[in-house]
Amino acid sequence: MSLDNMFCTRCGDGFEANEKIVNSNGELWHTNCFVCAQCFRVFPEGIFYEFEGRKYCERDFQVLFAPCCGKCNEFIIGRVIKAMNANWHPACFRCEECNIELADAGFIKHAGRALCHGCNARIKADGLQNYMCHKCHGVIDGEPLRYRGEVYHGYHFTCATCGVELDHTAREVKNRPGYAANDVNNLFCLRCHDKMGIPICGACRRPIEERIVTALGKHWHVEHFVCAKCEKPFHGHRHYEKKGLAYCEQHYHQLFGNLCYVCNQVIAGDVFTALNKAWCVHHFACSVCDAPLSTRSKFYEYDERPACRRCYEKFPVELRKRLRRAHHYTVRRN
Amino acid sequence: MSKAKKVIEEAKEINNPEIDLVDKGITNLEEVPGLFNLANITRLSLSHNKIHTVPAALANLMNLEILNLANNHIEELPLSLSSLPKLRILNVSLNRLYSLPRGFGAFPVLEILDLTYNNLNERTLPGNFFMMESLRALYLGDNDFEYLPPEIGNLKNLQILSLRENDLIELPREVGQLTRLRELHLQANRLVVLPPEIGSLDLASNKAVLRLEANFWVPPIEDQLKLGPSHVLDYLRSETYRVLYSRHMSAKPPTPGEVRDKSKKASRAKS
């Protein structure tokens, strides 16, 4: 390579013999041309930052491109933490409660503050965060009144029926049968609310404002009317009542034994009960020969199962003798 | 035999899935023509015949749900029966079984197993007998059991257990694990005490059956039994009984009573 075909990247002129040439990544410059793209000054201590093909001194690069830390307002060179709509030095992004570094531990946004997991859990458990009234923006001491998804001081409202000043016990009525949605969504004191005849759920004791199930002499939220055994809601499916409790079909039969002894299925039609067991009418049969037995047939008890007369008479004599003796024994006992 | 033939032909004609061959004087199933070809039948009742052996080919009847072999002269069962995929009820009562084939507990869906009135005992049960978790009723009355294997606790679905008129000397604590049990027949054995765990079973309701008479109960149990089985259950739950039971079990008292003379049992008859 000869001096004749070497040119400065910035001004395009050639170089004098013996002139100092700056070579940066194969590009050549006059020493006076190798300057910051913003301030045209030589890079202090030769340090420059390259951005989109241009070279900047440290100061201009930071002014133009580097993010500012949300805490110390210094430029951030190196790792940037982007969180809570701002940029941070990793060492500046800390839990606002305990001041622990959050960059690697992760954080939770709680009421506009970045907290570590531990502090978030603690604050939540304390439950001491005071509500701000949505109307006067003052702090609410004690329980707030909840209305249309916001919290208020109770004293900003009066009962829609009797006009008494309300407190946190007031009830919001979202819909009532026979009223359009605009006519309701009112607040009532507990007394007036109770007089309105809004049914109370037998399970959770809260008013029912949507679909009502009426069963067992009580009202229920649809999702609170459940099988006493498996606690799954019936959702309109058939339920079975027993001693003031409701059961789904499967558990009612499992608990109270209306499964057929032969087919082990829920008995759909008439039930035949005998010997502490139940049968589908067409499955009630002699347990020795499988001959069907009618409701009027005579049968012998044999290990709490029915045996027809014909089978009983075919039993070995000594077995019949023993069964007879056992039978007498139980009869005498009862 | 011609009567059996007639039944089979009629069943074929109307495609009847339930075959009754009760009291037809059958001695050998292979002599019943066409029986093993009725692959679609769901019930086969062969009670009150004189069948000695059950051919393994009976397992060709893949759709059988109920098989009744009560009151025959059967001394051995084929292992193939336990592979019947739909068999729910098997009745082999009133036969002459001295043992069951190895691997007999492989039934996939068996619900009721009736082995009443045979010559079985705990030593002649196959190793996988208590693997039949689908069982809801097990009838072992009129057999020769002296002990019940503790594996009985595996039969989680068991609702009925009959051990009437065996030679039972004691009952394993594992019976207390059969939480769905509502019928327990223990009458006429040689029992002295019951494991306290029995007290936790739901055997006192009006739908339940607990038969305890004709054993050699310790006096407190015998006294409670006079008042009724529910009183026995109350007593089994008491602390007093717990102490009595552990003392009794560590003292290892002599077993009471004698094995009853069973020579007159029809199951002992020699073919």
# chains A, B, ... in the order shown; residues from 1 in each chain; ligands from 1

call {"tool": "closest_atom_pairs", "arguments": {"of": "chain A", "to": "chain B", "cutoff": "8 Å", "atoms": "only C-alpha atoms", "output": "JSON lines"}}
result
{"residue": "A:Asn276", "atom": "CA", "partner": "B:Lys207", "partner_atom": "CA", "distance": 5.2}
{"residue": "A:Lys277", "atom": "CA", "partner": "B:Lys207", "partner_atom": "CA", "distance": 7.8}
{"residue": "A:Val288", "atom": "CA", "partner": "B:Ala70", "partner_atom": "CA", "distance": 6.1}
{"residue": "A:Cys289", "atom": "CA", "partner": "B:Ser47", "partner_atom": "CA", "distance": 5.5}
{"residue": "A:Asp290", "atom": "CA", "partner": "B:Ser45", "partner_atom": "CA", "distance": 6.8}
{"residue": "A:Asp303", "atom": "CA", "partner": "B:Ser162", "partner_atom": "CA", "distance": 7.2}
{"residue": "A:Lys314", "atom": "CA", "partner": "B:His48", "partner_atom": "CA", "distance": 7.6}
{"residue": "A:Phe315", "atom": "CA", "partner": "B:Asn71", "partner_atom": "CA", "distance": 7.9}
{"residue": "A:Pro316", "atom": "CA", "partner": "B:Ala266", "partner_atom": "CA", "distance": 6.2}
{"residue": "A:Glu318", "atom": "CA", "partner": "B:Lys265", "partner_atom": "CA", "distance": 6.8}
{"residue": "A:Leu319", "atom": "CA", "partner": "B:Lys265", "partner_atom": "CA", "distance": 7.7}

call {"tool": "write_last_selection", "arguments": {"atoms": "N, CA and C atoms", "output": "short mmCIF file (atom, residue, chain, number, x, y, z; two decimals), in the first residue's frame"}}
result
data_model
loop_
_atom_site.label_atom_id
_atom_site.label_comp_id
_atom_site.auth_asym_id
_atom_site.auth_seq_id
_atom_site.Cartn_x
_atom_site.Cartn_y
_atom_site.Cartn_z
N ASN A 276 -81.01 -55.79 53.70
CA ASN A 276 -80.09 -54.64 53.74
C ASN A 276 -79.47 -54.33 52.40
N LYS A 277 -80.12 -54.74 51.32
CA LYS A 277 -79.58 -54.48 49.99
C LYS A 277 -80.68 -53.95 49.10
N VAL A 288 -78.32 -68.39 44.03
CA VAL A 288 -77.72 -69.69 43.72
C VAL A 288 -77.95 -70.09 42.27
N CYS A 289 -79.17 -69.87 41.75
CA CYS A 289 -79.45 -70.33 40.38
C CYS A 289 -79.76 -69.19 39.42
N ASP A 290 -79.77 -67.96 39.88
CA ASP A 290 -80.05 -66.78 39.05
C ASP A 290 -81.47 -66.70 38.52
N ASP A 303 -76.56 -66.09 53.99
CA ASP A 303 -75.53 -65.05 54.05
C ASP A 303 -76.08 -63.69 53.58
N LYS A 314 -82.18 -78.08 47.47
CA LYS A 314 -81.06 -78.83 46.91
C LYS A 314 -79.78 -78.68 47.74
N PHE A 315 -79.81 -77.84 48.76
CA PHE A 315 -78.62 -77.68 49.61
C PHE A 315 -78.33 -79.01 50.31
N PRO A 316 -77.06 -79.28 50.65
CA PRO A 316 -76.75 -80.49 51.44
C PRO A 316 -77.55 -80.47 52.75
N GLU A 318 -76.88 -81.41 55.73
CA GLU A 318 -76.22 -80.90 56.94
C GLU A 318 -76.15 -79.36 56.92
N LEU A 319 -76.04 -78.76 55.74
CA LEU A 319 -76.02 -77.30 55.64
C LEU A 319 -77.38 -76.73 56.02
#

call {"tool": "residues_around", "arguments": {"residues": "region 242-253 of chain B", "least_positions_apart": "2", "cutoff": "7 Å", "atoms": "only C-alpha atoms", "output": "number ranges by chain"}}
result
B: 193, 196, 238-240, 255

call {"tool": "atom_distance", "arguments": {"atom1": "CA of Asp104 (chain A)", "atom2": "CA of Asn85 (chain A)"}}
result
17.7 Å

call {"tool": "select_by_dssp", "arguments": {"residues": "region 154-270 of chain B", "states": "alpha helix (DSSP H)", "output": "PyMOL selection string"}}
result
chain B and resi 219-227+229-236+239-251

call {"tool": "residues_around", "arguments": {"residues": "Arg205 (chain A)", "least_positions_apart": "6", "cutoff": "10 Å", "atoms": "only C-alpha atoms", "output": "list in words"}}
result
Pro199, His219, Trp220 and His221 of chain A

call {"tool": "atom_distance", "arguments": {"atom1": "CA of Cys36 (chain A)", "atom2": "CA of Gly78 (chain A)"}}
result
20.8 Å

call {"tool": "atom_distance", "arguments": {"atom1": "CA of Lys24 (chain B)", "atom2": "CA of Arg268 (chain B)"}}
result
22.8 Å

call {"tool": "residues_around", "arguments": {"residues": "Cys201 (chain A)", "least_positions_apart": "4", "cutoff": "12 Å", "atoms": "only C-alpha atoms", "output": "list in words"}}
result
Arg205, Arg206, Pro207, Ile208, Glu209, Glu210, Arg211, Ile212, Val213, Thr214, Ala215, Leu216, Gly217, Lys218, His219, Trp220, His221, Val222, Glu223, His224 and Phe225 of chain A

call {"tool": "select_by_dssp", "arguments": {"residues": "region 26-170 of chain B", "states": "strand (DSSP E or B)", "output": "ChimeraX atom specification"}}
result
/B:43-45,53,66-68,76,89-91,112-114,137-139,147,160-162,170

call {"tool": "write_last_selection", "arguments": {"atoms": "C-alpha atoms", "output": "short mmCIF file (atom, residue, chain, number, x, y, z; two decimals), in the first residue's frame"}}
result
data_model
loop_
_atom_site.label_atom_id
_atom_site.label_comp_id
_atom_site.auth_asym_id
_atom_site.auth_seq_id
_atom_site.Cartn_x
_atom_site.Cartn_y
_atom_site.Cartn_z
CA ARG B 43 -74.60 -64.84 31.72
CA LEU B 44 -74.15 -68.56 32.09
CA SER B 45 -75.89 -70.33 34.97
CA THR B 53 -64.02 -80.23 35.82
CA ILE B 66 -71.96 -63.60 35.33
CA LEU B 67 -70.78 -67.19 35.68
CA ASN B 68 -72.64 -69.39 38.11
CA GLU B 76 -60.37 -77.63 40.40
CA ILE B 89 -69.86 -62.15 39.32
CA LEU B 90 -68.42 -65.63 39.85
CA ASN B 91 -70.25 -68.18 41.96
CA ILE B 112 -68.68 -60.59 43.63
CA LEU B 113 -66.77 -63.79 44.35
CA ASP B 114 -68.71 -66.57 46.03
CA ALA B 137 -68.34 -58.89 48.02
CA LEU B 138 -66.28 -61.89 49.09
CA TYR B 139 -68.09 -64.94 50.40
CA TYR B 147 -56.35 -67.20 59.90
CA ILE B 160 -69.37 -57.58 52.15
CA LEU B 161 -67.10 -60.15 53.79
CA SER B 162 -68.51 -63.46 54.92
CA GLU B 170 -57.98 -64.55 65.05
#

call {"tool": "residues_around", "arguments": {"residues": "Asn154 (chain B)", "least_positions_apart": "6", "cutoff": "7 Å", "atoms": "only C-alpha atoms", "output": "ChimeraX atom specification"}}
result
/B:130-131,133

call {"tool": "residues_around", "arguments": {"residues": "region 171-175 of chain A", "least_positions_apart": "6", "cutoff": "7 Å", "atoms": "only C-alpha atoms", "output": "JSON, numbers by chain"}}
result
{"A": [147, 181, 184, 185, 186, 187, 188, 189, 190, 193, 209]}

call {"tool": "residues_around", "arguments": {"residues": "Ile21 (chain A)", "least_positions_apart": "5", "cutoff": "8 Å", "atoms": "only C-alpha atoms", "output": "number ranges by chain"}}
result
A: 15, 28-31

call {"tool": "closest_residue", "arguments": {"among": "B:Ile221, B:Leu201, B:Asp144, B:Phe216", "to": "Val259 (chain B)", "atoms": "only C-alpha atoms"}}
result
B:Asp144
